[in-house]
$ cat my_file.cif   # mmCIF, C-alpha atoms
data_structure
loop_
_atom_site.label_atom_id
_atom_site.label_comp_id
_atom_site.auth_asym_id
_atom_site.auth_seq_id
_atom_site.Cartn_x
_atom_site.Cartn_y
_atom_site.Cartn_z
CA GLU P 1 -46.20 -47.90 36.77
CA GLY P 2 -45.31 -44.31 37.67
CA THR P 3 -47.97 -44.21 40.36
CA TYR P 4 -48.43 -45.63 43.82
CA TRP P 5 -51.38 -46.42 46.07
CA ALA P 6 -51.67 -43.54 48.50
CA LEU P 7 -53.64 -43.14 51.69
CA ARG P 8 -55.52 -39.97 52.42
CA GLN P 9 -57.41 -38.51 55.38
CA ALA P 10 -60.54 -40.55 54.77
CA PRO P 11 -60.17 -44.24 53.84
CA ASP P 12 -62.66 -43.86 50.98
CA GLU P 13 -60.39 -41.20 49.42
CA ALA P 14 -57.43 -43.58 48.91
CA GLY P 15 -56.21 -43.94 45.34
CA CYS P 16 -53.25 -43.69 43.02
CA ASP P 17 -50.92 -40.70 43.11
CA PRO P 18 -48.12 -39.90 40.66
CA CYS P 19 -44.71 -41.14 41.71
CA PRO P 20 -42.83 -38.31 43.48
CA PRO P 21 -39.92 -36.64 41.63
CA GLY P 22 -36.64 -38.53 42.05
CA MET P 23 -38.44 -41.76 42.84
CA GLU P 24 -39.47 -44.93 41.05
CA CYS P 25 -42.78 -46.64 41.63
CA PRO P 26 -42.68 -50.19 40.32
CA HIS P 27 -45.99 -51.71 39.26
CA GLY P 28 -48.06 -52.44 42.35
CA SER P 29 -46.35 -49.84 44.57
CA ASP P 30 -48.29 -49.20 47.73
CA ILE P 31 -47.52 -46.68 50.49
CA ARG P 32 -48.57 -49.29 53.04
CA ASN P 33 -45.59 -51.45 51.99
CA LEU P 34 -42.93 -48.92 52.97
CA GLY P 35 -40.18 -50.64 54.93
CA GLY P 36 -41.35 -54.07 53.80
CA SER P 37 -40.47 -56.46 51.02
CA LEU P 38 -43.52 -55.75 48.83
CA GLN P 39 -43.52 -53.10 46.08
CA HIS P 40 -43.36 -49.51 47.27
CA PRO P 41 -41.92 -46.20 46.03
CA VAL P 42 -38.08 -46.11 46.16
CA ALA P 43 -35.45 -43.47 45.40
CA LYS P 44 -33.83 -43.46 41.95
CA ALA P 45 -30.05 -43.83 41.70
CA GLY P 46 -28.49 -40.45 42.56
CA TYR P 47 -31.30 -39.67 45.02
CA MET P 48 -32.00 -40.62 48.60
CA THR P 49 -34.91 -40.42 51.01
CA LEU P 50 -34.80 -40.16 54.76
CA ARG P 51 -36.55 -42.84 56.78
CA THR P 52 -38.57 -40.06 58.40
CA GLU P 53 -39.67 -38.72 54.97
CA PRO P 54 -39.79 -41.75 52.68
CA LEU P 55 -41.65 -39.96 49.87
CA LYS P 56 -39.42 -36.87 49.68
CA ALA P 57 -36.41 -37.55 47.46
CA TYR P 58 -33.24 -35.48 47.80
CA LYS P 59 -30.88 -35.19 44.82
CA CYS P 60 -27.36 -36.01 45.94
CA GLU P 61 -24.46 -33.73 45.04
CA ASN P 62 -22.22 -36.77 44.76
CA THR P 63 -24.40 -39.33 42.99
CA ARG P 64 -22.12 -42.28 43.85
CA LEU P 65 -23.06 -41.82 47.52
CA CYS P 66 -26.72 -42.42 46.76
CA PRO P 67 -27.40 -45.82 45.18
CA GLY P 68 -31.17 -45.32 45.25
CA GLY P 69 -33.53 -47.85 46.76
CA PRO P 70 -35.49 -47.91 50.01
CA ALA P 71 -35.53 -45.00 52.43
CA GLY P 72 -32.22 -44.51 54.21
CA SER P 73 -30.03 -46.08 51.49
CA CYS P 74 -26.53 -44.59 51.26
CA ALA P 75 -23.06 -45.77 50.24
CA ASP P 76 -21.09 -47.72 52.84
CA HIS P 77 -20.19 -45.79 55.99
CA HIS P 78 -22.30 -42.74 54.99
CA ASP P 79 -24.94 -41.49 57.41
CA ALA P 80 -28.43 -42.20 56.08
CA THR P 81 -29.89 -39.58 58.43
CA SER P 82 -27.98 -36.79 56.64
CA VAL P 83 -29.57 -35.29 53.55
CA GLY P 84 -27.74 -36.42 50.43
CA CYS P 85 -25.73 -39.01 52.41
CA GLY P 86 -23.22 -36.19 52.92
CA ALA P 87 -22.01 -37.03 56.43
CA CYS P 88 -20.03 -40.02 57.68
CA MET P 89 -21.36 -42.52 60.18
CA PRO P 90 -19.89 -42.38 63.69
CA GLY P 91 -16.60 -44.26 63.62
CA ALA P 92 -15.83 -43.20 60.03
CA PHE P 93 -14.12 -40.20 58.45
CA SER P 94 -14.20 -38.51 55.05
CA ASP P 95 -11.32 -39.33 52.73
CA GLY P 96 -11.77 -37.46 49.46
CA GLY P 97 -15.57 -37.59 49.70
CA ASN P 98 -15.72 -41.26 50.66
CA CYS P 99 -16.37 -42.27 54.23
CA VAL P 100 -13.96 -44.88 55.48
CA PRO P 101 -14.03 -46.61 58.85
CA CYS P 102 -11.66 -45.64 61.63
CA ASP P 103 -10.57 -49.22 62.06
CA GLY P 104 -7.50 -48.47 64.15
CA ASN P 105 -5.34 -49.86 61.41
CA LEU P 106 -1.74 -49.14 62.28
CA ASP P 107 -0.28 -49.04 58.76
CA VAL P 108 2.45 -46.62 59.86
CA LEU P 109 3.59 -48.74 62.80
CA PRO P 110 5.81 -51.11 60.77
CA PHE P 111 7.39 -48.13 59.01
CA VAL P 112 8.08 -46.34 62.28
CA LEU P 113 9.58 -49.49 63.82
CA VAL P 114 11.89 -50.02 60.84
CA MET P 115 12.98 -46.37 60.92
CA LEU P 116 13.71 -46.59 64.66
CA MET P 117 15.77 -49.71 64.11
CA VAL P 118 17.73 -48.03 61.30
CA PHE P 119 18.42 -44.92 63.37
CA PHE P 120 19.36 -47.00 66.39
CA ARG P 121 21.72 -49.13 64.28
CA LEU P 122 23.29 -46.06 62.65
CA GLY P 123 23.72 -44.49 66.04
CA ARG P 124 25.52 -47.59 67.31
CA ILE P 125 27.80 -47.68 64.24
CA GLY P 126 28.65 -44.02 64.69
CA CYS P 127 29.35 -44.61 68.37
CA CYS P 128 31.61 -47.55 67.70
CA ARG P 129 33.84 -45.48 65.45
CA GLU P 130 34.72 -43.25 68.35
CA PRO P 131 37.47 -44.21 70.82
CA GLY P 132 36.15 -45.92 73.94
CA CYS P 133 32.97 -47.25 72.30
CA HIS P 134 32.15 -50.86 73.22
#

$ encode --input "my_file.cif" --output "structure tokens"
Amino acid sequence: EGTYWALRQAPDEAGCDPCPPGMECPHGSDIRNLGGSLQHPVAKAGYMTLRTEPLKAYKCENTRLCPGGPAGSCADHHDATSVGCGACMPGAFSDGGNCVPCDGNLDVLPFVLVMLMVFFRLGRIGCCREPGCH
């Protein structure tokens, strides 16, 4: 524990290396298992690694965006290709530091329709109080 099986230039030079800072290396971790289901080094909670640099952990400014785990692990709708999971995925936007999907939800539509109906009704009532209004 605390080390992982590392490959080097020459096959006969392979051996155990200390787990990189910001990472956990469960017993039996092996660099050859990256991206698979067998034990390999993973980021600690509050850290993330890019898929292109799976052994280089980045400390996240906002630790809740970085759950730890395999390379490219970020909170929902956060871009795993951005260091520290700081950017939103395409189709999402930042709302107070959390990325939320642009789902096209029309929450304001019912409100607008009700307001239009109220204004239309008030306009008709006002019209009917005037002489000649039908």

$ resolve_selection --input "my_file.cif" --expression "the PyMOL selection byres ((chain P and resi 34-47) around 8)" --output "JSON, numbers by chain"
{"P": [4, 19, 22, 23, 24, 25, 26, 27, 28, 29, 30, 31, 32, 33, 48, 49, 54, 55, 57, 58, 59, 60, 62, 63, 64, 65, 66, 67, 68, 69, 70, 71, 84]}

$ write_last_selection --input "my_file.cif" --atoms "C-alpha atoms" --output "compact mmCIF listing (two decimals), in the frame of the given file"
# COMPACT_ATOMS: atom_id res chain seq x y z
CA TYR P 4 -48.43 -45.63 43.82
CA CYS P 19 -44.71 -41.14 41.71
CA GLY P 22 -36.64 -38.53 42.05
CA MET P 23 -38.44 -41.76 42.84
CA GLU P 24 -39.47 -44.93 41.05
CA CYS P 25 -42.78 -46.64 41.63
CA PRO P 26 -42.68 -50.19 40.32
CA HIS P 27 -45.99 -51.71 39.26
CA GLY P 28 -48.06 -52.44 42.35
CA SER P 29 -46.35 -49.84 44.57
CA ASP P 30 -48.29 -49.20 47.73
CA ILE P 31 -47.52 -46.68 50.49
CA ARG P 32 -48.57 -49.29 53.04
CA ASN P 33 -45.59 -51.45 51.99
CA MET P 48 -32.00 -40.62 48.60
CA THR P 49 -34.91 -40.42 51.01
CA PRO P 54 -39.79 -41.75 52.68
CA LEU P 55 -41.65 -39.96 49.87
CA ALA P 57 -36.41 -37.55 47.46
CA TYR P 58 -33.24 -35.48 47.80
CA LYS P 59 -30.88 -35.19 44.82
CA CYS P 60 -27.36 -36.01 45.94
CA ASN P 62 -22.22 -36.77 44.76
CA THR P 63 -24.40 -39.33 42.99
CA ARG P 64 -22.12 -42.28 43.85
CA LEU P 65 -23.06 -41.82 47.52
CA CYS P 66 -26.72 -42.42 46.76
CA PRO P 67 -27.40 -45.82 45.18
CA GLY P 68 -31.17 -45.32 45.25
CA GLY P 69 -33.53 -47.85 46.76
CA PRO P 70 -35.49 -47.91 50.01
CA ALA P 71 -35.53 -45.00 52.43
CA GLY P 84 -27.74 -36.42 50.43

$ resolve_selection --input "my_file.cif" --expression "the PyMOL selection byres ((chain P and resi 77) around 12)" --output "list in words"
Leu65, Cys66, Ser73, Cys74, Ala75, Asp76, His78, Asp79, Ala80, Thr81, Ser82, Cys85, Gly86, Ala87, Cys88, Met89, Pro90, Gly91, Ala92, Phe93, Ser94, Asp95, Gly97, Asn98, Cys99, Val100, Pro101, Cys102 and Asp103 of chain P

$ atom_distance --input "my_file.cif" --atom1 "CA of Val83 in chain P" --atom2 "CA of Asp17 in chain P"
24.4 Å

$ atom_distance --input "my_file.cif" --atom1 "CA of Pro21 in chain P" --atom2 "CA of Leu50 in chain P"
14.5 Å

$ closest_residue --input "my_file.cif" --among "P:Lys56, P:Arg51, P:Ala14, P:Ala6" --to "Gly72 in chain P" --atoms "all atoms listed in the file"
P:Arg51
